[in-house]
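Trainee: Sharing a structure, written as structure tokens. Questions coming.
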Amino acid sequence: MSALKIKKGSSKHSAYNLRPTFSDVQERHTLAVLVDNEPGVLARVIGLFSGRGYNIESLTVAEVDHTGHLSRITIVTTGTPQVIEQIKAQLGRIVPVHEVHDLTVEGRAVERELALFKVAGQGEKRVEALRLADIFRANVVDSTLESFVFQITGTPEKIDAFAELMRPLGLIEMARTGIAALSRGAV
């Protein structure tokens, strides 16, 4: 008898998919987690990430239902598809967690962030900072003879682009809120 000559990963001669199902590709995901608004819940959620060595790129938390005492935690994290699935499964097992939504997988989402920029400058640099702020639809929320504080909202990429343009003009300090996100559509 001759041995079967089936290559590893071949599916033409087998009913089983022998190809590896894991991926080394790092993906960015936005997770929306609905939790009870009670002391210690955020620490438990964050502890899940830190205890397993997962990174959080952005984190926003706010109460969204005063009568039901529910808060929404929006987390942006990066990992392989297997790590993201593991994170979602482990989040779902925490007792005060009601829902876990992966906005990246569930369809298109609207993501916005708020940032404040303190920019110092005089003369032409001051005029250029105001011109760029107008282009980016940033608002001046504080002004002195030496500096401006700009407020800008938009996608994280828009805020990054604004920061890069303000650096040579005298960017002193920046504060960012983190990403707030909602899925698009009726559901």
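We label chains A, B, ... in the order they appear in the structure tokens, count residues from 1 in each chain, and number ligands from 1 in the order shown.
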Compile the contact shell of stretch 69-83 of chain A as a PyMOL selection string: residues with an atom at most 7 Å away, counting only C-alpha atoms, same-chain residues fewer than 3 positions apart removed.

Mentor: chain A and resi 22-37+55-66+86-87+180

Trainee: Can you list every residue in chain A that DSSP puts in alpha helix (DSSP H), as a count of residues only?

Mentor: 52

Trainee: Would you give me, as an MDAnalysis selection string, the residues in stretch 89-158 of chain A that DSSP reads as strand (DSSP E or B)?

Mentor: chainID A and resid 97:102 109:120 139:143 147:154

Trainee: Could those residues be written to a file, using C-alpha atoms, as a PDB file, in the first residue's frame?

Mentor:
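For reference, again.pdb as written:
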```pdb
ATOM      1  CA  VAL A  97     -20.649  43.667  32.945  1.00  0.00           C
ATOM      2  CA  HIS A  98     -23.979  43.634  31.074  1.00  0.00           C
ATOM      3  CA  GLU A  99     -22.870  43.873  27.432  1.00  0.00           C
ATOM      4  CA  VAL A 100     -19.644  43.802  25.426  1.00  0.00           C
ATOM      5  CA  HIS A 101     -19.720  45.145  21.864  1.00  0.00           C
ATOM      6  CA  ASP A 102     -16.802  45.105  19.442  1.00  0.00           C
ATOM      7  CA  ALA A 109     -18.831  53.221  14.000  1.00  0.00           C
ATOM      8  CA  VAL A 110     -18.540  56.943  14.652  1.00  0.00           C
ATOM      9  CA  GLU A 111     -15.460  57.751  16.736  1.00  0.00           C
ATOM     10  CA  ARG A 112     -14.719  61.192  18.146  1.00  0.00           C
ATOM     11  CA  GLU A 113     -12.236  62.621  20.580  1.00  0.00           C
ATOM     12  CA  LEU A 114     -11.880  66.001  22.267  1.00  0.00           C
ATOM     13  CA  ALA A 115      -8.470  67.607  22.736  1.00  0.00           C
ATOM     14  CA  LEU A 116      -7.110  70.835  24.190  1.00  0.00           C
ATOM     15  CA  PHE A 117      -3.872  72.345  22.847  1.00  0.00           C
ATOM     16  CA  LYS A 118      -1.842  75.116  24.460  1.00  0.00           C
ATOM     17  CA  VAL A 119       0.203  76.871  21.789  1.00  0.00           C
ATOM     18  CA  ALA A 120       2.626  79.719  22.499  1.00  0.00           C
ATOM     19  CA  ASN A 139     -12.018  76.861  18.638  1.00  0.00           C
ATOM     20  CA  VAL A 140     -10.005  79.287  20.725  1.00  0.00           C
ATOM     21  CA  VAL A 141     -11.191  78.759  24.301  1.00  0.00           C
ATOM     22  CA  ASP A 142      -8.527  80.867  26.026  1.00  0.00           C
ATOM     23  CA  SER A 143      -6.175  83.553  24.809  1.00  0.00           C
ATOM     24  CA  SER A 147      -0.501  81.783  24.041  1.00  0.00           C
ATOM     25  CA  PHE A 148      -3.766  80.239  22.897  1.00  0.00           C
ATOM     26  CA  VAL A 149      -5.714  77.241  24.100  1.00  0.00           C
ATOM     27  CA  PHE A 150      -7.476  75.501  21.230  1.00  0.00           C
ATOM     28  CA  GLN A 151     -10.309  73.016  21.551  1.00  0.00           C
ATOM     29  CA  ILE A 152     -10.739  70.498  18.748  1.00  0.00           C
ATOM     30  CA  THR A 153     -13.014  67.506  18.238  1.00  0.00           C
ATOM     31  CA  GLY A 154     -12.763  64.838  15.600  1.00  0.00           C
TER      32      GLY A 154
END
```

Trainee: Within 7 Å of A:Glu146, counting only C-alpha atoms, which residues qualify if same-chain residues fewer than 2 places away don't, as number ranges by chain?

Mentor: A: 120-122, 144

Trainee: Which of these, A:Glu157, A:Glu38, A:Glu164, A:Glu106, has the shortest distance to A:Ala129 once you count only C-alpha atoms?

Mentor: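 Smallest distance to A:Ala129 is found for A:Glu164.
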
Trainee: Tell me which of A:Gly178, A:Pro39, A:Gly47, A:Gly185 sits closest to A:Gln90, counting only C-alpha atoms.

Mentor: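 With only C-alpha atoms as the atom set, the closest residue is A:Gly47.
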
Trainee: Go through A:Ile46, A:Ile159, A:Leu132, A:Val127 and flag the residue nearest A:Met174, using only C-alpha atoms for the distances.

Mentor: A:Ile159

Trainee: Using atom CA of A:Tyr54 and atom CA of A:Lys158 as the two end points, give the distance in Å to one decimal.

Mentor: 25.7 Å
